[in-house]
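Comments concern the structure below.
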Amino acid sequence: MDDGDLAHAAGHVAAALAQAPTLPEVHETLARLAAADGAGGVDLFPLQGQAYVGAVVARAHLLAATGRPAEGLDLLVAATGHAPGTDWAGVPWVTTPELAERLEPDRTARILMQVCAAVSDPVPRAGRAALAPYLALARNAVTIHPEHGLLLGAASALARRVGEIDLAIRWAARGVRAEPSKIGEVWLGYAYRSAGRTREALAALGRAVEHDPDDLTVYADLAGTLADNGRLDEALDWIDRALARDPSFDCAVHTAHRLRHQRDGDVAHLVALADFVRDHPDDTHEHGDLAESCRSRPWLGQVTPAIGAVVDALRQAVTDEQVGLGAVRLDSPAPPSATRTAATFAPGLHVEVAGVPDPDPREPRRAVTSQLWRHDGTTVVPAVPPPSPEATARLRQLAHPAWPHPPAAYDAAVGLATLELADLLGLLAHPPEVPPTALGRVLGHDPSLWVRCVQVWACLGLLHHRTDEPWAGSTRRRVLLDLVWGVEDWVTEAALFALVTAAWVDPAVRPDVARVVTERLADVATVARTRAVPIALSLAHLALASPALDPETAALAASLTATRPTPRPRSGLRRLWRRLTRR
C-alpha cells in the first residue's frame with residue numbers, strides 16, 4: 001500500500017478477510033486502503049465472474065461505509081450462503097441500532113428472508129453463532145417497526161431457524177395481528193410446529209389456506225404436519241385436495257407419494273415419484289421426499305450387511321484382537337465372496353465344511369457363459385484376472401454403502417462407464433484395498449461391508465457399459481444375468497440390485513427385470529426347502545424394492561423377510577454403520 005499498488009494491497013486484504021472476517025486489524029487495514037483510494041475503495045473489489053468471497057465481503061463493508069448499507073448487507077448474505085458457518089456479518093455496523101433506522105422495513109425483511117434462504121432449516125447448533133448479527137439486526141428492526149407484519153414474519157423465520165422458538169412465536173403472532181396475511185400465518189404455523197404445538201400450527205396453516213386457497217404449498221405443509229403426528233388419513237385428504245386442483249403440482253405430488261408409501265410400504269409409490277422427478281426436471285425447487293423414503297431401507301438406500309458364520313467370525317477377528325481366530329464349522333460351503341474376504345482379512349481363520357448339500361451351492365443355478373469363481377477343493381480362487389490400476393482407483397473413489405435412492409446411485413456410477421468389461425468383472429473378484437480416507441477407516445472395521453460396496457458399484461458400472469446397445473440383446477444385460485444366475489454369492493445380490501436399478505430408471509425394462517426377479521426369488525424359495533440359502537433374505541429385500549413386481553412374488557418376498565430380521569451389524573459396529581449410512 002505504501003508503494004501505491006492499491007490493487008495488490010486489495011488482494012491481500014480480501015485474503016485476510018476470507019480467513020478472519022471479524023479481526024479488527026484487518027478492518028483497520030481496509031479502512032486505510034479506502035482512504036488511500038480517495039473514492040471509498042469500492043472499485044478496488046469488483047464483482048466480475050466468480051468473485052472471491054474475501055473480495056465480496058470487503059466490498060460489502062466499503063459499500064456500508066459509503067452510505068449504501070443495504071447493498072452491503074446483500075453481499076454479506078451472499079457470503080453467508082457460500083459459507084454459512086463463518087461469521088461474515090459480525091461487525092459493528094451490522095448490529096448497531098442505527099442501521100435498522102436507516103433501512104426501510106421492507107428492505108430489512110427481504111434481507112432477513114435472503115438469510116433464511118441461504119441457511120439450513122434448522123441451522124445446526126454449531127452454526128448459529130455466525131447468524132447472531134442478523135438476529136441482532138432483526139431485533140433492532142422489530143423494535144423500531146413493531147407493527148410491520150412482513151418484517152415481523154421474516155424475523156420470526158430467522159429466529160426459528162437459529163433455535164429461538166419462543167421469540168419466533170411472539171414475532172409471528174404480532175405480525176399476523178398487525179397485518180393478517182397468508183405468509184404471516186405460514187410463519188406462525190412453522191413457529192408453532194417447531195415448538196411442538198401441533199394444534200395451533202394446524203390452525204395457523206388452515207387460516208393461511210383461507211387467505212389463499214390456490215396456494216397448494218400450504219396444503220402440502222398441512223399434510224406434512226399431520227403425517228408427522230401420525231394422522232396419515234387427514235394428511236392424505238389435504239394432499240388429495242391439492243392434487244384435485246392441480247395434479248402436476250410438484251410439492252403435492254412428492255408429498256403424496258411419500259405419504260402413501262409411509263402408509264402401506266408399497267415401493268410402487270416411490271417408483272412413481274422417481275418417474276415424476278425424471279419427467280419434471282424443472283420442478284420449482286429441490287425435494288427430499290424420495291431420499292427420505294429410501295433412507296436406511298435395504299437396497300433402496302443402502303447395501304444390506306452380509307450374514308453368516310464366516311462373516312460373524314471375520315468381524316469379531318477384525319474388531320476384537322483379544323479373541324483368537326479359531327475355526328468356523330459350516331454345514332455347507334459359504335458364498336465365495338465370504339470365503340475370499342475371510343482369507344484376505346483374517347488369513348488365520350480356519351473354515352471347516354461338513355459337506356456339500358444338494359443342490360450344490362458351488363454350481364451355477366442356470367447355465368452361464370462365464371464364471372467369476374473356481375473351486376479347488378475347499379479353496380475358492382478368482383476365475384478372472386485382476387482389474388487395472390485405473391479401474392481400481394476409480395472405483396475406490398465411488399464405493400459407498402449408502403445412496404439417496406436407486407436413480408441417484410445409477411447417476412453416480414456413470415464415472416465407471418468407460419471401464420472395460422474385464423475390469424468391471426475383475427473388480428468383483430479382486431476387490432481393491434480399503435481407501436485411506438475417513439470412509440475407509442470406518443469400513444476397515446467390517447471388511448465384508450467394503451467388499452459388498454465394491455461389488456455393488458462394479459455392477460452399477462456394468463449398467464453403464466455399452467449403453468448404445470438395445471437392452472434386450474445388450475452386453476450389460478447378458479453379463480448381469482450371468483452373475484444373477486451364477487453360484488450363490490454376494491455378487492448375485494449386487495447384480496440383481498443393478499437390474500432393479502435399471503428398472504427404476506427405465507420403465508421400458510421393467511417387465512424384463514420383474515420376470516428375472518420373480519424367477520430368481522422362486523428359485524431361492526425352492527432351494528431353501530432343502531438347505532440354507534445365505535443370500536435369501538437379501539434377495540427378498542431386493543424383490544420388495546423392484547418395480548412392477550406381481551403380487552404373488554411380492555407376497556413371497558414379504559414372507560421371506562418376515563421369517564428373519566433384517567441383518568444389522570453387531571452392537572459394536574452399529575454406531576459406525578449409522579455414520580456410514582447417514583446420507
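By order in the C-alpha cells, chains are A, B, ...; within a chain, residues start at 1; ligands start at 1, following the order shown.
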Practice item. Taking the DSSP assignment computed from this structure's backbone, write out as a ChimeraX atom specification all residues of range 296-500 of chain A that belong to strand (DSSP E or B). Key: /A:298,302,327-330,350-353,373-376,379-382,402
Mind running range 250-347 of chain A against range 487-499 of chain A at 9 Å and telling me each contacting residue's nearest atom pair with the distance in Å (one decimal), counting only C-alpha atoms, chain and number ascending, as a tab-separated table?
residue	atom	partner	partner_atom	distance
A:Trp299	CA	A:Phe497	CA	7.2
A:Val303	CA	A:Ala494	CA	8.8
A:Ala306	CA	A:Trp490	CA	7.9
A:Ala334	CA	A:Asp489	CA	8.3
A:Pro335	CA	A:Asp489	CA	4.7
A:Pro336	CA	A:Asp489	CA	6.1
A:Ser337	CA	A:Trp490	CA	6.2
A:Ala338	CA	A:Trp490	CA	7.8
Those same residues - C-alpha atoms - I'd like them written as a PDB file, in the first residue's frame.
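Contents of again-v9.pdb, as written:
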ATOM      1  CA  TRP A 299     -31.282 -51.734  -1.118  1.00  0.00           C
ATOM      2  CA  VAL A 303     -26.459 -52.174   0.933  1.00  0.00           C
ATOM      3  CA  ALA A 306     -23.716 -59.746   4.945  1.00  0.00           C
ATOM      4  CA  ALA A 334     -20.086 -70.265   2.349  1.00  0.00           C
ATOM      5  CA  PRO A 335     -20.560 -67.828  -0.532  1.00  0.00           C
ATOM      6  CA  PRO A 336     -17.269 -67.474  -2.442  1.00  0.00           C
ATOM      7  CA  SER A 337     -17.005 -63.760  -1.636  1.00  0.00           C
ATOM      8  CA  ALA A 338     -17.315 -64.505   2.087  1.00  0.00           C
TER       9      ALA A 338
END
Exercise for review: Using only C-alpha atoms, pick whichever of A:Thr304, A:Ser546, A:Gln455, A:Ser120 has the shortest atom-to-atom distance to Thr80 in chain A.
Suggested key: A:Ser120
Practice item. With a distance cut-off of 9 Å and only C-alpha atoms, select the neighbouring residues of Leu398 in chain A, excluding the residue or stretch itself and same-chain residues fewer than 2 positions from it, and output the selection as a count of residues only. Key: 10
Review point. Near range 83-97 of chain A, counting only C-alpha atoms, which residues have an atom at most 9 Å away, once you skip same-chain residues fewer than 6 positions from it, shown as a PyMOL selection string?
Key: chain A and resi 17-18+20-22+57+61+64-65+69+73+76-77+118-120+126-137+139-141+144
May I have the selected residues written with C-alpha atoms, as a compact mmCIF listing (two decimals), in the first residue's frame?
# COMPACT_ATOMS: atom_id res chain seq x y z
CA LEU A 17 -10.99 -11.13 5.36
CA ALA A 18 -11.66 -14.59 4.00
CA ALA A 20 -10.51 -13.68 9.68
CA PRO A 21 -13.64 -11.71 8.72
CA THR A 22 -14.08 -10.04 12.15
CA VAL A 57 -17.02 -9.15 1.96
CA HIS A 61 -18.04 -3.22 4.20
CA ALA A 64 -21.78 0.38 4.02
CA ALA A 65 -19.08 2.92 4.76
CA PRO A 69 -25.59 -0.43 3.74
CA LEU A 73 -25.89 -6.48 3.51
CA LEU A 76 -22.74 -10.31 3.29
CA VAL A 77 -25.77 -12.56 2.90
CA ALA A 118 -29.16 -19.19 2.42
CA VAL A 119 -29.04 -21.40 5.52
CA SER A 120 -30.41 -24.78 6.54
CA ALA A 126 -22.62 -25.14 15.88
CA GLY A 127 -23.53 -22.73 13.07
CA ARG A 128 -25.92 -20.48 14.95
CA ALA A 129 -23.36 -18.08 16.38
CA ALA A 130 -22.41 -16.95 12.87
CA LEU A 131 -26.01 -15.79 12.33
CA ALA A 132 -26.24 -13.83 15.59
CA PRO A 133 -25.51 -10.48 13.84
CA TYR A 134 -28.51 -10.98 11.54
CA LEU A 135 -30.71 -11.81 14.53
CA ALA A 136 -29.45 -8.61 16.21
CA LEU A 137 -30.46 -6.70 13.08
CA ARG A 139 -34.29 -7.35 16.95
CA ASN A 140 -33.31 -3.77 16.23
CA ALA A 141 -35.63 -3.52 13.25
CA ILE A 144 -38.15 0.36 15.54
Check your understanding: Quick one: of A:Ser559, A:Thr29, A:Ser293, A:Thr143, who's nearest to Ala256 in chain A, counting only C-alpha atoms?
Key -> A:Ser293
